[in-house]
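Trainee: Got input.cif for you, mmCIF, C-alpha atoms:
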```cif
data_run
#
loop_
_atom_site.group_PDB
_atom_site.id
_atom_site.type_symbol
_atom_site.label_atom_id
_atom_site.label_comp_id
_atom_site.auth_asym_id
_atom_site.auth_seq_id
_atom_site.Cartn_x
_atom_site.Cartn_y
_atom_site.Cartn_z
ATOM 1 C CA GLY L 285 -93.601 -159.195 170.623
ATOM 2 C CA ARG L 286 -92.275 -162.022 172.719
ATOM 3 C CA GLN L 287 -90.772 -161.230 176.104
ATOM 4 C CA ASN L 288 -87.710 -163.010 177.344
ATOM 5 C CA ALA L 289 -87.443 -164.511 180.827
ATOM 6 C CA ALA L 290 -85.368 -161.591 182.141
ATOM 7 C CA GLU L 291 -88.051 -159.046 181.191
ATOM 8 C CA ILE L 292 -90.795 -161.149 182.787
ATOM 9 C CA ILE L 293 -88.799 -161.649 186.003
ATOM 10 C CA LYS L 294 -87.825 -157.945 186.035
ATOM 11 C CA LYS L 295 -91.523 -157.036 186.364
ATOM 12 C CA GLN L 296 -91.756 -159.247 189.456
ATOM 13 C CA ASN L 297 -88.309 -158.526 190.907
ATOM 14 C CA TYR L 298 -86.282 -155.705 189.368
ATOM 15 C CA PHE L 299 -82.970 -156.866 190.869
ATOM 16 C CA LEU L 300 -83.165 -160.515 189.818
ATOM 17 C CA GLY L 301 -84.472 -159.675 186.346
ATOM 18 C CA THR L 302 -81.665 -157.189 185.752
ATOM 19 C CA LEU L 303 -79.028 -159.678 186.915
ATOM 20 C CA LEU L 304 -80.502 -162.379 184.674
ATOM 21 C CA MET L 305 -80.384 -159.902 181.790
ATOM 22 C CA GLY L 306 -76.660 -159.509 182.544
ATOM 23 C CA HIS L 307 -76.041 -163.115 181.543
ATOM 24 C CA MET L 308 -77.415 -162.369 178.092
ATOM 25 C CA ASN L 309 -76.269 -158.776 177.637
ATOM 26 C CA ALA L 310 -73.976 -157.369 180.332
ATOM 27 C CA ARG L 311 -73.872 -153.892 178.787
ATOM 28 C CA LYS L 312 -77.677 -153.568 178.594
ATOM 29 C CA SER L 313 -77.998 -154.803 182.161
ATOM 30 C CA PHE L 314 -75.375 -152.381 183.441
ATOM 31 C CA GLU L 315 -76.996 -149.433 181.637
ATOM 32 C CA SER L 316 -80.235 -150.278 183.463
ATOM 33 C CA MET L 317 -78.312 -150.479 186.733
ATOM 34 C CA LYS L 318 -76.695 -147.057 186.162
ATOM 35 C CA LYS L 319 -80.125 -145.471 185.698
ATOM 36 C CA ASN L 320 -81.106 -146.857 189.107
ATOM 37 C CA ILE L 321 -77.743 -146.569 190.851
ATOM 38 C CA LYS L 322 -79.175 -145.385 194.199
ATOM 39 C CA LYS L 323 -81.619 -148.281 194.260
ATOM 40 C CA TRP L 324 -78.740 -150.743 193.757
ATOM 41 C CA LEU L 325 -76.298 -149.185 196.198
ATOM 42 C CA ASN L 326 -78.953 -148.815 198.909
ATOM 43 C CA SER L 327 -79.919 -152.481 198.704
ATOM 44 C CA ARG L 328 -78.253 -154.609 201.363
ATOM 45 C CA GLN L 329 -78.812 -157.806 199.369
ATOM 46 C CA PHE L 330 -77.918 -156.605 195.873
ATOM 47 C CA ALA L 331 -75.465 -153.683 196.317
ATOM 48 C CA VAL L 332 -72.401 -155.854 195.606
ATOM 49 C CA PHE L 333 -73.694 -156.769 192.155
ATOM 50 C CA PHE L 334 -73.362 -153.184 190.943
ATOM 51 C CA PRO L 335 -69.546 -153.090 191.230
ATOM 52 C CA LEU L 336 -69.306 -156.660 189.945
ATOM 53 C CA MET L 337 -71.201 -155.707 186.790
ATOM 54 C CA ALA L 338 -69.270 -152.431 186.502
ATOM 55 C CA TYR L 339 -66.019 -154.385 186.557
ATOM 56 C CA GLN L 340 -67.306 -156.844 183.973
ATOM 57 C CA CYS L 341 -68.210 -153.923 181.686
ATOM 58 C CA PHE L 342 -64.823 -152.192 182.237
ATOM 59 C CA GLU L 343 -66.534 -149.233 183.917
ATOM 60 C CA LEU L 344 -63.717 -148.744 186.426
ATOM 61 C CA ASP L 345 -64.907 -145.336 187.674
ATOM 62 C CA TYR L 346 -68.283 -146.762 188.603
ATOM 63 C CA PHE L 347 -66.542 -149.826 190.022
ATOM 64 C CA MET L 348 -64.307 -147.868 192.426
ATOM 65 C CA LYS L 349 -66.956 -145.328 193.443
ATOM 66 C CA SER L 350 -69.561 -147.994 194.138
ATOM 67 C CA ILE L 351 -67.200 -150.054 196.297
ATOM 68 C CA ASN L 352 -66.511 -146.987 198.405
ATOM 69 C CA LYS L 353 -70.238 -146.270 198.722
ATOM 70 C CA ILE L 354 -71.128 -149.745 200.000
ATOM 71 C CA LYS L 355 -68.077 -150.383 202.202
ATOM 72 C CA ASP L 356 -69.738 -149.133 205.391
ATOM 73 C CA LYS L 357 -73.115 -150.747 204.790
ATOM 74 C CA MET L 358 -74.226 -153.530 207.078
ATOM 75 C CA LEU L 359 -74.088 -156.208 204.410
ATOM 76 C CA PRO L 360 -75.679 -159.549 205.232
ATOM 77 C CA HIS L 361 -73.174 -162.259 206.120
ATOM 78 C CA LYS L 362 -73.908 -164.127 202.878
ATOM 79 C CA VAL L 363 -73.133 -161.046 200.786
ATOM 80 C CA LYS L 364 -69.855 -160.167 202.558
ATOM 81 C CA SER L 365 -67.968 -162.940 200.787
ATOM 82 C CA TYR L 366 -68.811 -161.289 197.440
ATOM 83 C CA TYR L 367 -67.822 -157.905 198.860
ATOM 84 C CA TYR L 368 -64.375 -159.208 199.873
ATOM 85 C CA TYR L 369 -64.013 -160.713 196.410
ATOM 86 C CA ILE L 370 -64.757 -157.456 194.559
ATOM 87 C CA CYS L 371 -62.606 -155.440 196.962
ATOM 88 C CA SER L 372 -59.659 -157.617 195.967
ATOM 89 C CA TYR L 373 -60.023 -156.358 192.402
ATOM 90 C CA ALA L 374 -60.126 -152.764 193.666
ATOM 91 C CA TYR L 375 -56.948 -153.310 195.665
ATOM 92 C CA MET L 376 -55.296 -154.853 192.604
ATOM 93 C CA GLN L 377 -56.186 -151.707 190.617
ATOM 94 C CA GLN L 378 -54.392 -149.693 193.307
ATOM 95 C CA ALA L 379 -51.400 -152.121 193.317
ATOM 96 C CA ASP L 380 -52.066 -152.985 196.981
ATOM 97 C CA MET L 381 -51.393 -156.701 196.598
ATOM 98 C CA LEU L 382 -51.318 -157.447 200.327
ATOM 99 C CA SER L 383 -54.871 -156.133 200.810
ATOM 100 C CA ALA L 384 -55.928 -157.824 197.556
ATOM 101 C CA SER L 385 -54.664 -161.209 198.755
ATOM 102 C CA GLN L 386 -56.284 -160.742 202.181
ATOM 103 C CA GLY L 387 -59.662 -159.976 200.600
ATOM 104 C CA ALA L 388 -59.427 -162.858 198.151
ATOM 105 C CA SER L 389 -58.393 -165.235 200.945
ATOM 106 C CA LEU L 390 -61.372 -164.156 203.053
ATOM 107 C CA SER L 391 -63.785 -164.652 200.164
ATOM 108 C CA LEU L 392 -62.230 -168.037 199.355
ATOM 109 C CA LYS L 393 -62.629 -169.212 202.938
ATOM 110 C CA LYS L 394 -66.290 -168.159 202.993
ATOM 111 C CA PHE L 395 -67.065 -169.667 199.573
ATOM 112 C CA ILE L 396 -65.472 -172.996 200.561
ATOM 113 C CA LYS L 397 -67.483 -173.039 203.793
ATOM 114 C CA LYS L 398 -70.715 -172.390 201.852
ATOM 115 C CA LYS L 399 -69.732 -174.985 199.230
ATOM 116 C CA TYR L 400 -70.114 -172.445 196.421
ATOM 117 C CA MET L 401 -68.098 -174.289 193.781
ATOM 118 C CA TYR L 402 -68.007 -171.668 191.025
ATOM 119 C CA GLU L 403 -67.129 -168.838 193.420
ATOM 120 C CA THR L 404 -64.455 -171.013 195.037
ATOM 121 C CA ILE L 405 -62.854 -171.604 191.635
ATOM 122 C CA GLN L 406 -62.970 -167.887 190.817
ATOM 123 C CA SER L 407 -61.405 -166.989 194.179
ATOM 124 C CA TYR L 408 -58.541 -169.424 193.566
ATOM 125 C CA ILE L 409 -58.054 -167.879 190.113
ATOM 126 C CA LEU L 410 -58.056 -164.387 191.624
ATOM 127 C CA LEU L 411 -55.465 -165.427 194.207
ATOM 128 C CA GLY L 412 -53.374 -166.979 191.445
ATOM 129 C CA GLU L 413 -53.446 -163.704 189.530
ATOM 130 C CA ILE L 414 -52.562 -161.688 192.632
ATOM 131 C CA TYR L 415 -49.559 -163.912 193.370
ATOM 132 C CA ARG L 416 -48.525 -164.004 189.699
ATOM 133 C CA LEU L 417 -48.530 -160.202 189.566
ATOM 134 C CA SER L 418 -46.610 -160.155 192.858
ATOM 135 C CA CYS L 419 -44.005 -162.524 191.336
ATOM 136 C CA VAL L 420 -44.705 -165.246 193.908
ATOM 137 C CA LYS L 421 -44.972 -167.797 191.145
ATOM 138 C CA ASP L 422 -44.953 -171.020 193.172
ATOM 139 C CA ILE L 423 -47.995 -169.923 195.208
ATOM 140 C CA ALA L 424 -49.661 -168.591 192.050
ATOM 141 C CA ASN L 425 -49.224 -172.023 190.490
ATOM 142 C CA THR L 426 -50.678 -173.694 193.607
ATOM 143 C CA MET L 427 -53.763 -171.450 193.429
ATOM 144 C CA PHE L 428 -54.289 -172.076 189.705
ATOM 145 C CA GLU L 429 -53.830 -175.844 190.201
ATOM 146 C CA ALA L 430 -56.413 -175.836 193.036
ATOM 147 C CA ALA L 431 -58.903 -174.082 190.740
ATOM 148 C CA LEU L 432 -58.079 -176.477 187.890
ATOM 149 C CA ASN L 433 -58.586 -179.495 190.148
ATOM 150 C CA ILE L 434 -62.109 -178.369 191.105
ATOM 151 C CA ALA L 435 -62.988 -177.563 187.481
ATOM 152 C CA GLN L 436 -61.735 -180.992 186.337
ATOM 153 C CA LYS L 437 -63.624 -182.851 189.091
ATOM 154 C CA ASN L 438 -66.809 -181.068 188.031
ATOM 155 C CA ASN L 439 -66.112 -181.330 184.282
ATOM 156 C CA ILE L 440 -66.285 -177.578 183.605
ATOM 157 C CA SER L 441 -64.336 -177.567 180.347
ATOM 158 C CA HIS L 442 -64.419 -173.854 179.546
ATOM 159 C CA ILE L 443 -62.990 -172.990 182.976
ATOM 160 C CA GLU L 444 -60.409 -175.784 182.649
ATOM 161 C CA ALA L 445 -59.301 -174.167 179.372
ATOM 162 C CA GLN L 446 -59.103 -170.719 180.974
ATOM 163 C CA ILE L 447 -57.040 -171.956 183.928
ATOM 164 C CA SER L 448 -54.736 -174.075 181.752
ATOM 165 C CA ALA L 449 -53.988 -170.981 179.671
ATOM 166 C CA MET L 450 -53.264 -168.982 182.834
ATOM 167 C CA ILE L 451 -50.863 -171.664 184.028
ATOM 168 C CA GLY L 452 -49.273 -171.566 180.566
ATOM 169 C CA ILE L 453 -48.697 -167.816 180.935
ATOM 170 C CA LEU L 454 -47.119 -168.458 184.339
ATOM 171 C CA LYS L 455 -44.816 -171.138 182.877
ATOM 172 C CA VAL L 456 -43.705 -168.781 180.083
ATOM 173 C CA SER L 457 -42.771 -166.153 182.687
ATOM 174 C CA GLU L 458 -40.616 -168.815 184.366
ATOM 175 C CA SER L 459 -39.004 -169.744 181.007
ATOM 176 C CA ARG L 460 -40.496 -173.238 181.268
ATOM 177 C CA ASN L 461 -41.514 -173.261 177.626
ATOM 178 C CA SER L 462 -42.248 -176.975 177.123
ATOM 179 C CA GLU L 463 -44.562 -176.984 180.171
ATOM 180 C CA ALA L 464 -46.185 -173.801 178.869
ATOM 181 C CA ARG L 465 -46.741 -175.424 175.471
ATOM 182 C CA ASP L 466 -48.351 -178.448 177.176
ATOM 183 C CA LYS L 467 -50.719 -176.173 179.118
ATOM 184 C CA TYR L 468 -51.616 -174.159 176.001
ATOM 185 C CA ASN L 469 -52.308 -177.377 174.116
ATOM 186 C CA ALA L 470 -54.501 -178.607 176.988
ATOM 187 C CA ALA L 471 -56.327 -175.256 176.998
ATOM 188 C CA PHE L 472 -56.873 -175.387 173.241
ATOM 189 C CA LYS L 473 -58.111 -178.990 173.413
ATOM 190 C CA LYS L 474 -60.597 -178.171 176.197
ATOM 191 C CA ALA L 475 -61.777 -175.009 174.467
ATOM 192 C CA THR L 476 -62.417 -176.780 171.160
ATOM 193 C CA THR L 477 -64.154 -179.870 172.563
ATOM 194 C CA GLU L 478 -67.031 -177.923 174.080
#
```
Could you take the file, read its structure, and then write that structure out as structure tokens?
Mentor:
Amino acid sequence: GRQNAAEIIKKQNYFLGTLLMGHMNARKSFESMKKNIKKWLNSRQFAVFFPLMAYQCFELDYFMKSINKIKDKMLPHKVKSYYYYICSYAYMQQADMLSASQGASLSLKKFIKKKYMYETIQSYILLGEIYRLSCVKDIANTMFEAALNIAQKNNISHIEAQISAMIGILKVSESRNSEARDKYNAAFKKATTE
């Protein structure tokens, strides 16, 4: 039978092939990662992708345990920004919003410095969620708007739709229903034009 690109790359580089597989089938990729958990968590370059994929697959036990296993590793500087990002989610799970916002702020700063556009957007979204859950709605709005601005400048419609919907949720919680309706309509329009 025909092999897909992920299977071909996996033969050359197990880590990259497995991560590529995750874009097509996150569950299949994560099952492969679980079978080789020590290999992932002992890798300085790729350890952070295990908890990221665990979180994506709603495997919260694996997510929390793997973060604790890699926290003391000497992660390369480039990888630390991803580590701070995933730790923010762990802190959110534990309702430690101060630590969550500190981790997300650190990752944001590093992603901006590296000019990683997608990761910068996701860090702004994460900060927006942290502040929304902490009921600091004006800062949450600022974070979501910053993410939306980058997505609009780079014409990333599906992320624009996602962020517009998140701002809509924020507006509903503030009883600003007409603004919420406008954001939901913008989200729907972006989502259906792709």
Trainee: On this structure, which residues satisfy the PyMOL selection byres ((chain L and resi 340) around 12), written as a ChimeraX atom specification?
Mentor: /L:306-307,309-311,313-314,333-339,341-344,346-347,370,373
Trainee: By how many Å are atom CA of Ser327 of chain L and atom CA of Met358 of chain L apart?
Mentor: 10.2 Å
Trainee: Counting all atoms listed in the file, select every polymer residue within 10 Å of (-63.3, -159.4, 202.4) as defined in the file's coordinates, and provide the selection as a PyMOL selection string.
Mentor: chain L and resi 364-372+383-394
Trainee: Please produce an output containing C-alpha atoms for each residue in the selection, written as a PDB file, in the coordinates of the input.
Mentor:
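Final output, part-v6.pdb:
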```pdb
ATOM      1  CA  LYS L 364     -69.855-160.167 202.558  1.00  0.00           C
ATOM      2  CA  SER L 365     -67.968-162.940 200.787  1.00  0.00           C
ATOM      3  CA  TYR L 366     -68.811-161.289 197.440  1.00  0.00           C
ATOM      4  CA  TYR L 367     -67.822-157.905 198.860  1.00  0.00           C
ATOM      5  CA  TYR L 368     -64.375-159.208 199.873  1.00  0.00           C
ATOM      6  CA  TYR L 369     -64.013-160.713 196.410  1.00  0.00           C
ATOM      7  CA  ILE L 370     -64.757-157.456 194.559  1.00  0.00           C
ATOM      8  CA  CYS L 371     -62.606-155.440 196.962  1.00  0.00           C
ATOM      9  CA  SER L 372     -59.659-157.617 195.967  1.00  0.00           C
ATOM     10  CA  SER L 383     -54.871-156.133 200.810  1.00  0.00           C
ATOM     11  CA  ALA L 384     -55.928-157.824 197.556  1.00  0.00           C
ATOM     12  CA  SER L 385     -54.664-161.209 198.755  1.00  0.00           C
ATOM     13  CA  GLN L 386     -56.284-160.742 202.181  1.00  0.00           C
ATOM     14  CA  GLY L 387     -59.662-159.976 200.600  1.00  0.00           C
ATOM     15  CA  ALA L 388     -59.427-162.858 198.151  1.00  0.00           C
ATOM     16  CA  SER L 389     -58.393-165.235 200.945  1.00  0.00           C
ATOM     17  CA  LEU L 390     -61.372-164.156 203.053  1.00  0.00           C
ATOM     18  CA  SER L 391     -63.785-164.652 200.164  1.00  0.00           C
ATOM     19  CA  LEU L 392     -62.230-168.037 199.355  1.00  0.00           C
ATOM     20  CA  LYS L 393     -62.629-169.212 202.938  1.00  0.00           C
ATOM     21  CA  LYS L 394     -66.290-168.159 202.993  1.00  0.00           C
TER      22      LYS L 394
END
```
Trainee: So how far away is atom CA of Asn352 of chain L from atom CA of Lys323 of chain L, in Å?
Mentor: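 Spanning atom CA of Lys323 of chain L to atom CA of Asn352 of chain L is a straight-line distance of 15.7 Å.
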Trainee: Around the point (-72.7, -150.3, 198.7), in the coordinates given by the file, pick out the residues reaching within 10 Å, counting only C-alpha atoms, and return them as a list in words.
Mentor: Lys322, Trp324, Leu325, Asn326, Ser327, Arg328, Gln329, Phe330, Ala331, Val332, Phe333, Phe334, Pro335, Lys349, Ser350, Ile351, Asn352, Lys353, Ile354, Lys355, Asp356, Lys357, Met358, Leu359 and Tyr367 of chain L
Trainee: Fewer than 3 positions away in the same chain doesn't count, so skip those; otherwise give me all residues within 12 Å of Gln436 of chain L, counting all atoms listed in the file, as a PyMOL selection string.
Mentor: chain L and resi 401+405+429-433+439-448+474
Trainee: Taking all atoms of segment 419-422 of chain L that the file lists and extending 5 Å past them on each side, where is the centre of the axis-aligned box and how long are its edges? Answer in Å to one decimal, as AutoDock Vina command-line options.
Mentor:
```
--center_x -44.5 --center_y -166.8 --center_z 192.5 --size_x 11.0 --size_y 18.5 --size_z 12.8
```
Trainee: Give as a VMD selection string the residues that the PyMOL selection byres ((chain L and resi 413) around 12) matches when applied to the coordinates above.
Mentor: chain L and resid 372 to 373 376 381 384 to 385 388 406 to 412 414 to 428 431 447 450 to 451 453 to 454
Trainee: So the first atom is atom CA of Met348 of chain L and the second is atom CA of His361 of chain L; what is the distance between them in Å, to one decimal place?
Mentor: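 The value is 21.8 Å.
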Trainee: Applied to the shown file, which residues does the PyMOL selection byres ((chain L and resi 298) around 12) return, written as a compact mmCIF listing (two decimals) with C-alpha atoms, in the frame of the given file?
Mentor:
```
# COMPACT_ATOMS: atom_id res chain seq x y z
CA ALA L 290 -85.37 -161.59 182.14
CA GLU L 291 -88.05 -159.05 181.19
CA ILE L 292 -90.80 -161.15 182.79
CA ILE L 293 -88.80 -161.65 186.00
CA LYS L 294 -87.82 -157.94 186.04
CA LYS L 295 -91.52 -157.04 186.36
CA GLN L 296 -91.76 -159.25 189.46
CA ASN L 297 -88.31 -158.53 190.91
CA PHE L 299 -82.97 -156.87 190.87
CA LEU L 300 -83.16 -160.51 189.82
CA GLY L 301 -84.47 -159.68 186.35
CA THR L 302 -81.67 -157.19 185.75
CA LEU L 303 -79.03 -159.68 186.92
CA LEU L 304 -80.50 -162.38 184.67
CA MET L 305 -80.38 -159.90 181.79
CA SER L 313 -78.00 -154.80 182.16
CA SER L 316 -80.24 -150.28 183.46
CA MET L 317 -78.31 -150.48 186.73
CA ASN L 320 -81.11 -146.86 189.11
CA LYS L 323 -81.62 -148.28 194.26
CA TRP L 324 -78.74 -150.74 193.76
CA SER L 327 -79.92 -152.48 198.70
CA PHE L 330 -77.92 -156.60 195.87
```
